[in-house]
Amino acid sequence: MSIAPSATVAINNLAKEKKRLGIPIVNFAAGDPILPVHPSVERGIMAGLQRHSLPYPPVEGLLELCRQAVRWLNRKHGCSFELDNAMVTCGGKFAIFAALQALLDEGDEVIIPAPYWVSYPSMVQLFGGVAVIVETTAEMHWKISPEQLKAHFSSRTKALIFNNPCNPTGVYYTAKEVSALMAFAKEHGILVIADEVYSDLIYEPVSFASCGAIENPDNGLVIQSCSKNFGMAGSRVGFAFGPSELIKKMITLQSQSTTGTSLISQWAALGALENADEVNAYVKKAMRKRRDLFVQTFNALFPKPVTAPPAAIYAWVSMDHFGCKGKDSVAFCREVLEKAHVAIVPGAAFGKEGYVRFAFSEKEEDIVKGLQNISRLK
Ligand code: PLP
């Protein structure tokens with residue numbers, strides 16, 4: 001079984017290797033909201049350590065953490081999950097991985113709107129599935145419609161991976177759009193794997209529309225994470241919320257693979273969730289500031305302006321902005337890394353040529369320096 005390495009991890013590693021050799025690299029590739037850890041997270045870890053013991057945690061996650069996570073999602077996004085609808089995973093990534101493994105038989109199809117998060121197609125293929133890629137465009141505001149779902153649906157369609165807000169485009173769907181997609185999926189017996197790990201990083205005054213808030217969402221599996229909303233990617237804590245039968249299967253898979261996520265990380269997550277709004281506000285404020293700085297700096301340096309992404313931590317930029325004649329995003333990113341010492345991710349990795357992705361979650365001085373370096377490229 002061959003599986004391609006994650007493109008973002010690969011470019012990140014290349015950037016790190018250059019740094020190790022003493023070359024100062026500005027890294028826009030990682031997508032990690034790098035911030036001093038919030039005191040609530042520290043308090044969570046310290047309280048856990050007072051127990052003076054590090055046993056195996058329950059495979060499905062600490063009871064108190066599952067409870068807090070359910071409470072948080074129900075309160076914040078209007079869902080109505082119960083305890084048996086929830087589990088803790090090693091990041092949102094493993095929740096998606098386990099869901100696909102639990103779900104797919106050889107030849108089953110999974111619809112994935114493009115541009116997509118880099119790992120989806122590889123994960124589908126890993127479990128014998130077929131990734132059915134549905135293109136979206138700037139004119140469509142990078143959103144799929146129920147009509148497109150219909151056009152790509154077949155008797156083998158098992159699931160739709162629906163990333164809202166989207167990495168890499170930074171767009172989010174309205175409640176009406178979410179309901180329309182969920183209704184089509186329900187009518188045709190498709191599970192919606194709703195990857196909502198950027199749910200609380202929307203910079204416009206709207207409420208996020210979760211797939212889990214649709215009435216009786218028995219065809220929805222919500223993926224959540226502490227990585228982005230709470231700025232703690234290194235803790236590797238994610239969650240899945242969905243139909244109890246599917247969650248049970250995923251817990252069994254977890255019992256035969258990771259055994260669950262680290263107890264110390266779960267204490268950290270408990271600290272974050274006990275003060276979820278404040279921790280999220282802290283991360284969101286910093287990410288909004290970095291987004292605005294990115295856009296302002298970009299527009300001062302390049303002739304064609306970008307607009308501020310409405311959500312998540314990425315700027316999805318057409319190569320036209322850099323005066324590129326061709327569309328080969330991999331060659332462009334390689335050149336930018338080699339000559340400007342800046343790591344960005346090629347659109348090709350997200351299933352769309354002619355674009356590149358910047359993670360604006362980096363330190364403010366790096367945002368300015370990185371964009372200046374690229375602007376000097378001849
Ligand atoms: N889903 C999307 C869209 C992402 O961008 C990421 C990480 O970059 C993940 C899931 C996985 O996040 P984690 O495993 O850190 O929770």
# chains A, B, ... in the order shown; residues from 1 in each chain; ligands from 1

$ residues_around --residues "stretch 92-102 of chain A" --least-positions-apart "3" --cutoff "10 Å" --atoms "only C-alpha atoms" --output "ChimeraX atom specification"
/A:87-89,105,110,119-120,122-129,158-159,161,193-197,221-227,233,236-241,246-254,257-258,260

$ select_by_dssp --residues "stretch 45-283 of chain A" --states "alpha helix (DSSP H)" --output "JSON, numbers by chain"
{"A": [45, 46, 47, 48, 49, 63, 64, 65, 66, 67, 68, 69, 70, 71, 72, 73, 74, 75, 76, 77, 91, 92, 93, 94, 95, 96, 97, 98, 99, 100, 101, 102, 103, 119, 120, 121, 122, 123, 124, 125, 126, 146, 147, 148, 149, 150, 151, 152, 175, 176, 177, 178, 179, 180, 181, 182, 183, 184, 185, 186, 187, 244, 245, 246, 247, 248, 249, 250, 251, 252, 253, 254, 255, 263, 264, 265, 266, 267, 268, 269, 270, 271, 272, 273, 274, 276, 277, 278, 279, 280, 281, 282, 283]}

$ select_by_dssp --residues "stretch 177-287 of chain A" --states "strand (DSSP E or B)" --output "MDAnalysis selection string"
chainID A and resid 191:195 202 220:225 237:241

$ closest_residue --among "A:Ala312, A:Val130, A:Ile112, A:Val37" --to "ligand 1" --atoms "only C-alpha atoms and all ligand atoms"
A:Ala312

$ residues_around --residues "stretch 39-54 of chain A" --least-positions-apart "4" --cutoff "9 Å" --atoms "only C-alpha atoms" --output "list of chain:residue names"
A:Met232, A:Leu263, A:Ile264, A:Ser265, A:Gln266, A:Trp267, A:Ala268, A:Ala269, A:Leu270, A:Gly271, A:Ala272, A:Leu273, A:Glu274, A:Asn275, A:Ala276, A:Glu278, A:Val279

$ closest_residue --among "A:Trp72, A:Tyr116, A:Phe28, A:Phe153" --to "A:Glu135" --atoms "only C-alpha atoms"
A:Tyr116

$ residues_around --residues "stretch 287-289 of chain A" --least-positions-apart "5" --cutoff "7 Å" --atoms "only C-alpha atoms" --output "list in words"
Tyr203, Ile313 and Ser361 of chain A

$ closest_residue --among "A:Ile202, A:Cys90, A:Ile34, A:Ala286" --to "ligand 1" --atoms "only C-alpha atoms and all ligand atoms"
A:Cys90

$ residues_around --residues "A:Thr8" --least-positions-apart "5" --cutoff "10 Å" --atoms "only C-alpha atoms" --output "number ranges by chain"
A: 13-14, 28-31, 117-119, 343-346, 349-350, 357

$ write_last_selection --atoms "all heavy atoms" --output "short mmCIF file (atom, residue, chain, number, x, y, z; two decimals), in the first residue's frame"
data_model
loop_
_atom_site.label_atom_id
_atom_site.label_comp_id
_atom_site.auth_asym_id
_atom_site.auth_seq_id
_atom_site.Cartn_x
_atom_site.Cartn_y
_atom_site.Cartn_z
N ASN A 13 8.63 20.23 6.47
CA ASN A 13 9.87 19.53 6.79
C ASN A 13 11.04 20.10 6.00
O ASN A 13 12.14 20.25 6.52
CB ASN A 13 9.73 18.02 6.50
CG ASN A 13 8.86 17.35 7.55
OD1 ASN A 13 8.60 17.94 8.61
ND2 ASN A 13 8.38 16.16 7.27
N LEU A 14 10.78 20.43 4.73
CA LEU A 14 11.82 21.02 3.88
C LEU A 14 12.26 22.37 4.46
O LEU A 14 13.45 22.68 4.54
CB LEU A 14 11.24 21.23 2.47
CG LEU A 14 12.22 21.26 1.32
CD1 LEU A 14 13.01 19.97 1.24
CD2 LEU A 14 11.45 21.46 -0.01
N PHE A 28 5.17 29.94 6.07
CA PHE A 28 3.72 30.17 5.93
C PHE A 28 3.01 28.84 5.62
O PHE A 28 1.89 28.85 5.10
CB PHE A 28 3.44 31.11 4.76
CG PHE A 28 3.71 32.57 5.00
CD1 PHE A 28 4.63 33.26 4.22
CD2 PHE A 28 3.03 33.28 5.99
CE1 PHE A 28 4.86 34.61 4.39
CE2 PHE A 28 3.26 34.64 6.18
CZ PHE A 28 4.18 35.30 5.38
N ALA A 29 3.69 27.72 5.87
CA ALA A 29 3.14 26.44 5.40
C ALA A 29 2.40 25.66 6.48
O ALA A 29 1.58 24.79 6.17
CB ALA A 29 4.27 25.56 4.84
N ALA A 30 2.63 25.99 7.76
CA ALA A 30 2.22 25.04 8.79
C ALA A 30 0.73 25.07 9.18
O ALA A 30 0.14 24.04 9.44
CB ALA A 30 3.07 25.25 10.03
N GLY A 31 0.13 26.23 9.27
CA GLY A 31 -1.28 26.26 9.71
C GLY A 31 -1.42 25.98 11.19
O GLY A 31 -2.35 25.31 11.63
N TRP A 117 -8.76 19.98 1.92
CA TRP A 117 -7.63 19.79 2.84
C TRP A 117 -6.82 18.59 2.34
O TRP A 117 -7.40 17.56 1.98
CB TRP A 117 -8.13 19.57 4.27
CG TRP A 117 -7.01 19.40 5.26
CD1 TRP A 117 -5.90 20.19 5.37
CD2 TRP A 117 -6.87 18.38 6.25
NE1 TRP A 117 -5.10 19.73 6.39
CE2 TRP A 117 -5.67 18.62 6.94
CE3 TRP A 117 -7.66 17.29 6.63
CZ2 TRP A 117 -5.22 17.82 7.98
CZ3 TRP A 117 -7.22 16.49 7.67
CH2 TRP A 117 -6.02 16.76 8.34
N VAL A 118 -5.50 18.76 2.32
CA VAL A 118 -4.60 17.83 1.62
C VAL A 118 -4.78 16.36 1.96
O VAL A 118 -4.55 15.49 1.11
CB VAL A 118 -3.12 18.23 1.86
CG1 VAL A 118 -2.81 19.56 1.22
CG2 VAL A 118 -2.80 18.30 3.35
N SER A 119 -5.20 16.05 3.17
CA SER A 119 -5.19 14.64 3.60
C SER A 119 -6.42 13.84 3.17
O SER A 119 -6.38 12.60 3.21
CB SER A 119 -5.07 14.56 5.13
OG SER A 119 -3.83 15.06 5.54
N ALA A 343 8.31 29.56 2.91
CA ALA A 343 7.58 28.31 2.63
C ALA A 343 6.09 28.62 2.49
O ALA A 343 5.46 29.13 3.42
CB ALA A 343 7.81 27.31 3.75
N ILE A 344 5.54 28.31 1.30
CA ILE A 344 4.09 28.37 1.08
C ILE A 344 3.68 27.06 0.42
O ILE A 344 4.53 26.33 -0.07
CB ILE A 344 3.68 29.59 0.20
CG1 ILE A 344 4.51 29.66 -1.08
CG2 ILE A 344 3.77 30.89 0.96
CD1 ILE A 344 4.12 30.80 -2.02
N VAL A 345 2.39 26.77 0.41
CA VAL A 345 1.97 25.45 -0.09
C VAL A 345 1.31 25.59 -1.47
O VAL A 345 0.43 26.44 -1.65
CB VAL A 345 1.00 24.75 0.90
CG1 VAL A 345 0.71 23.32 0.45
CG2 VAL A 345 1.57 24.75 2.30
N PRO A 346 1.74 24.75 -2.43
CA PRO A 346 1.17 24.85 -3.78
C PRO A 346 -0.29 24.45 -3.83
O PRO A 346 -0.71 23.49 -3.19
CB PRO A 346 2.03 23.87 -4.60
CG PRO A 346 2.67 22.97 -3.61
CD PRO A 346 2.78 23.72 -2.32
N ALA A 349 -1.50 20.79 -4.24
CA ALA A 349 -1.67 19.89 -3.09
C ALA A 349 -3.12 19.89 -2.60
O ALA A 349 -3.56 18.95 -1.93
CB ALA A 349 -0.74 20.31 -1.97
N PHE A 350 -3.86 20.95 -2.92
CA PHE A 350 -5.27 21.05 -2.50
C PHE A 350 -6.22 20.75 -3.66
O PHE A 350 -7.42 21.01 -3.58
CB PHE A 350 -5.56 22.47 -1.98
CG PHE A 350 -4.63 22.92 -0.88
CD1 PHE A 350 -3.50 23.67 -1.16
CD2 PHE A 350 -4.90 22.60 0.44
CE1 PHE A 350 -2.64 24.08 -0.15
CE2 PHE A 350 -4.05 23.02 1.46
CZ PHE A 350 -2.93 23.76 1.16
N ARG A 357 -1.25 28.67 -1.03
CA ARG A 357 -1.86 28.93 0.28
C ARG A 357 -0.83 29.45 1.27
O ARG A 357 0.22 28.85 1.46
CB ARG A 357 -2.48 27.65 0.84
CG ARG A 357 -3.36 27.92 2.05
CD ARG A 357 -3.54 26.69 2.91
NE ARG A 357 -2.33 26.36 3.66
CZ ARG A 357 -2.25 25.38 4.56
NH1 ARG A 357 -3.30 24.61 4.79
NH2 ARG A 357 -1.12 25.15 5.21
#

$ atom_distance --atom1 "atom CA of A:Asn85" --atom2 "atom CA of A:Gly242"
5.0 Å

$ residues_around --residues "stretch 292-298 of chain A" --least-positions-apart "2" --cutoff "8 Å" --atoms "only C-alpha atoms" --output "ChimeraX atom specification"
/A:288-290,300-302,305-308,360,364,367-368,371

$ write_last_selection --atoms "N, CA and C atoms" --output "CSV table (one decimal), in the first residue's frame"
chain,number,residue,atom,x,y,z
A,288,ARG,N,-7.1,37.3,13.9
A,288,ARG,CA,-7.7,38.4,13.1
A,288,ARG,C,-6.6,39.5,12.9
A,289,LYS,N,-5.9,39.7,13.9
A,289,LYS,CA,-4.8,40.7,13.8
A,289,LYS,C,-3.8,40.3,12.8
A,290,ARG,N,-3.4,39.0,12.8
A,290,ARG,CA,-2.4,38.6,11.8
A,290,ARG,C,-3.0,38.5,10.4
A,300,ALA,N,0.1,46.4,0.2
A,300,ALA,CA,1.1,47.5,0.0
A,300,ALA,C,2.2,47.1,-0.9
A,301,LEU,N,2.5,45.8,-1.0
A,301,LEU,CA,3.6,45.3,-1.7
A,301,LEU,C,3.4,44.8,-3.1
A,302,PHE,N,2.1,44.3,-3.4
A,302,PHE,CA,1.8,43.8,-4.7
A,302,PHE,C,0.8,44.6,-5.4
A,305,PRO,N,-4.6,43.6,-5.4
A,305,PRO,CA,-4.9,43.4,-3.9
A,305,PRO,C,-5.6,42.0,-3.7
A,306,VAL,N,-5.5,41.5,-2.5
A,306,VAL,CA,-6.3,40.4,-2.0
A,306,VAL,C,-7.4,40.9,-1.1
A,307,THR,N,-8.4,40.1,-0.9
A,307,THR,CA,-9.5,40.5,0.1
A,307,THR,C,-9.2,39.7,1.3
A,308,ALA,N,-9.7,40.2,2.4
A,308,ALA,CA,-9.5,39.4,3.7
A,308,ALA,C,-10.3,38.2,3.7
A,360,PHE,N,-1.6,32.5,7.6
A,360,PHE,CA,-1.2,33.8,8.2
A,360,PHE,C,-1.1,33.7,9.8
A,364,GLU,N,3.9,38.0,13.8
A,364,GLU,CA,3.7,39.2,13.0
A,364,GLU,C,4.9,39.7,12.2
A,367,ILE,N,5.3,37.6,9.2
A,367,ILE,CA,4.4,37.9,8.1
A,367,ILE,C,4.9,39.0,7.2
A,368,VAL,N,5.4,40.0,7.8
A,368,VAL,CA,5.9,41.2,7.1
A,368,VAL,C,7.2,40.8,6.3
A,371,LEU,N,6.5,38.3,3.3
A,371,LEU,CA,5.9,39.0,2.1
A,371,LEU,C,6.9,39.9,1.4

$ atom_distance --atom1 "atom CA of A:Glu60" --atom2 "atom CA of A:Phe81"
15.4 Å

$ residues_around --residues "A:Ile144" --least-positions-apart "3" --cutoff "10 Å" --atoms "only C-alpha atoms" --output "number ranges by chain"
A: 112-114, 134-137, 140-141, 147-149, 162, 173, 177, 181

$ atom_distance --atom1 "atom CA of A:Asn373" --atom2 "atom CA of A:Cys333"
13.1 Å

$ closest_residue --among "A:Ala359, A:Ala331, A:Val283, A:Met319" --to "ligand 1" --atoms "only C-alpha atoms and all ligand atoms"
A:Ala359

$ closest_residue --among "A:Phe230, A:Tyr355, A:Trp142, A:Tyr198" --to "ligand 1" --atoms "only C-alpha atoms and all ligand atoms"
A:Tyr198
